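First comes the structure, then the notes that go with it.
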Amino acid sequence: SLAPLTTDYDLLGESLASLRVGMIKNDGTAIGTALGVATNRLRESTARSRVVILLSDGESNAGSLDPQLAAQLAHAFGIRIYTIGLGKDGFVPYGQDSLGRTRYVQTRLDETTMRQLATAADGQFFRATDTAGLRTVFQQINRLEKSEIKQLRFRNIKDFYRPYLWLSIGLWLLWLLLK
């Protein structure tokens, strides 16, 4: 979890821009753990609509929490999960090797698991094969889920002028006396 729950899109953009392949030492996808972290972050939210959007190929090959159990926990806390199947079956580019050549890894889209996770948490499954498709999916989710968020912002202000004011009045009075 790299960014706090916020409506500060600049902060989120910076967090996303800093993501790099290889940031996590142990390769793999821990869908159950990711859903567990998201549920933990959202469980005390008072928003009318609490949603987790899972973008994945559906293969969970790391982590200690079963994805189905994590989806059931999310449902128990009233959190809806929308899953987006991203990718395709076959070889896909994955970073570069030490010589700058593109590496390819074999992957497959586990659509069945993604559908099961969405169903377990009263969500929906979407499929996106490219950037335009992903944009369309997010627009559909945006139409389905809306919550008004009220933010209270304040600034703690402490005045530091008083000592300087008294010093300047004292120096002014001293000047008047010496004059």
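So you can find residues: chains in the structure tokens are A, B, ... in the order shown, residues in each start at 1, and ligands are numbered from 1 in order.
Shell of Ile31 (chain A) at 12 Å, with only C-alpha atoms counted and residues fewer than 5 places along the chain excluded, is A:Gly36, A:Val37, A:Ala38, A:Val52, A:Ile53, A:Leu54, A:Leu55, A:Ser56, A:Asp57, A:Gly58, A:Glu59, A:Ser60, A:Asn61, A:Ala62, A:Gly63, A:Ser64, A:Leu65, A:Asp66, A:Pro67, A:Gln68, A:Leu69, A:Ala70, A:Ala71, A:Thr83, A:Thr113, A:Met114, A:Leu117.
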Can you pull out every residue from region 8-177 of chain A that DSSP, working from the backbone, puts in strand (DSSP E or B), and format the result as a VMD selection string?
chain A and resid 51 to 56 80 to 86 90 to 96 102 to 107 125 to 128
Please indicate the distance in Å from CA of Leu16 (chain A) to CA of Gly87 (chain A), rounded to one decimal place.
19.1 Å
Members of region 59-168 of chain A assigned helix (DSSP H, G or I) by DSSP, as a PyMOL selection string
chain A and resi 67-76+111-120+131-144+161-168
Can you pull out the residues contacting Phe125 (chain A)? Cut-off 9 Å, using only C-alpha atoms, and skip same-chain residues under 2 positions away; I want them as an mmCIF file with N, CA, C and O atoms, in the first residue's frame.
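After the write, selection.cif holds the following:
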data_model
loop_
_atom_site.group_PDB
_atom_site.id
_atom_site.type_symbol
_atom_site.label_atom_id
_atom_site.label_comp_id
_atom_site.auth_asym_id
_atom_site.auth_seq_id
_atom_site.Cartn_x
_atom_site.Cartn_y
_atom_site.Cartn_z
ATOM 1 N N ILE A 81 -16.314 -5.640 -4.796
ATOM 2 C CA ILE A 81 -15.092 -5.822 -5.586
ATOM 3 C C ILE A 81 -15.454 -5.873 -7.070
ATOM 4 O O ILE A 81 -16.258 -6.703 -7.490
ATOM 5 N N TYR A 82 -14.856 -4.979 -7.840
ATOM 6 C CA TYR A 82 -14.946 -5.015 -9.290
ATOM 7 C C TYR A 82 -13.615 -5.538 -9.798
ATOM 8 O O TYR A 82 -12.564 -4.981 -9.473
ATOM 9 N N THR A 83 -13.652 -6.600 -10.569
ATOM 10 C CA THR A 83 -12.423 -7.165 -11.109
ATOM 11 C C THR A 83 -12.321 -6.830 -12.584
ATOM 12 O O THR A 83 -13.314 -6.849 -13.306
ATOM 13 N N ILE A 84 -11.104 -6.513 -12.995
ATOM 14 C CA ILE A 84 -10.836 -6.207 -14.394
ATOM 15 C C ILE A 84 -9.756 -7.166 -14.863
ATOM 16 O O ILE A 84 -8.625 -7.130 -14.370
ATOM 17 N N GLY A 85 -10.134 -8.042 -15.779
ATOM 18 C CA GLY A 85 -9.178 -8.971 -16.365
ATOM 19 C C GLY A 85 -8.327 -8.234 -17.380
ATOM 20 O O GLY A 85 -8.821 -7.743 -18.385
ATOM 21 N N GLU A 111 -9.804 -15.958 -16.123
ATOM 22 C CA GLU A 111 -11.083 -15.247 -16.087
ATOM 23 C C GLU A 111 -12.036 -15.874 -15.080
ATOM 24 O O GLU A 111 -12.824 -15.169 -14.439
ATOM 25 N N MET A 114 -11.310 -14.501 -11.598
ATOM 26 C CA MET A 114 -11.702 -13.096 -11.527
ATOM 27 C C MET A 114 -13.221 -12.963 -11.412
ATOM 28 O O MET A 114 -13.726 -12.140 -10.650
ATOM 29 N N ARG A 115 -13.956 -13.775 -12.155
ATOM 30 C CA ARG A 115 -15.423 -13.752 -12.062
ATOM 31 C C ARG A 115 -15.888 -14.211 -10.678
ATOM 32 O O ARG A 115 -16.822 -13.646 -10.100
ATOM 33 N N GLN A 116 -15.247 -15.234 -10.139
ATOM 34 C CA GLN A 116 -15.623 -15.747 -8.815
ATOM 35 C C GLN A 116 -15.380 -14.706 -7.726
ATOM 36 O O GLN A 116 -16.199 -14.556 -6.815
ATOM 37 N N LEU A 117 -14.262 -13.990 -7.812
ATOM 38 C CA LEU A 117 -13.962 -12.950 -6.819
ATOM 39 C C LEU A 117 -14.995 -11.835 -6.879
ATOM 40 O O LEU A 117 -15.465 -11.353 -5.841
ATOM 41 N N ALA A 118 -15.360 -11.420 -8.084
ATOM 42 C CA ALA A 118 -16.355 -10.358 -8.238
ATOM 43 C C ALA A 118 -17.711 -10.811 -7.705
ATOM 44 O O ALA A 118 -18.396 -10.060 -7.003
ATOM 45 N N THR A 119 -18.101 -12.033 -8.001
ATOM 46 C CA THR A 119 -19.383 -12.559 -7.546
ATOM 47 C C THR A 119 -19.421 -12.690 -6.027
ATOM 48 O O THR A 119 -20.437 -12.388 -5.399
ATOM 49 N N GLY A 123 -19.778 -7.772 -6.806
ATOM 50 C CA GLY A 123 -19.237 -6.868 -7.815
ATOM 51 C C GLY A 123 -19.504 -7.392 -9.213
ATOM 52 O O GLY A 123 -20.414 -8.189 -9.431
ATOM 53 N N ARG A 127 -13.575 -7.054 -18.722
ATOM 54 C CA ARG A 127 -12.401 -7.486 -19.486
ATOM 55 C C ARG A 127 -11.859 -6.291 -20.245
ATOM 56 O O ARG A 127 -12.610 -5.567 -20.897
#
What gap, in Å, lies between CA of Thr29 (chain A) and CA of Leu86 (chain A)?
13.3 Å
With a distance cut-off of 8 Å and only C-alpha atoms, select the neighbouring residues of Thr107 (chain A), excluding the residue or stretch itself and same-chain residues fewer than 3 positions from it, and output the selection as a VMD selection string.
chain A and resid 57 88 to 92
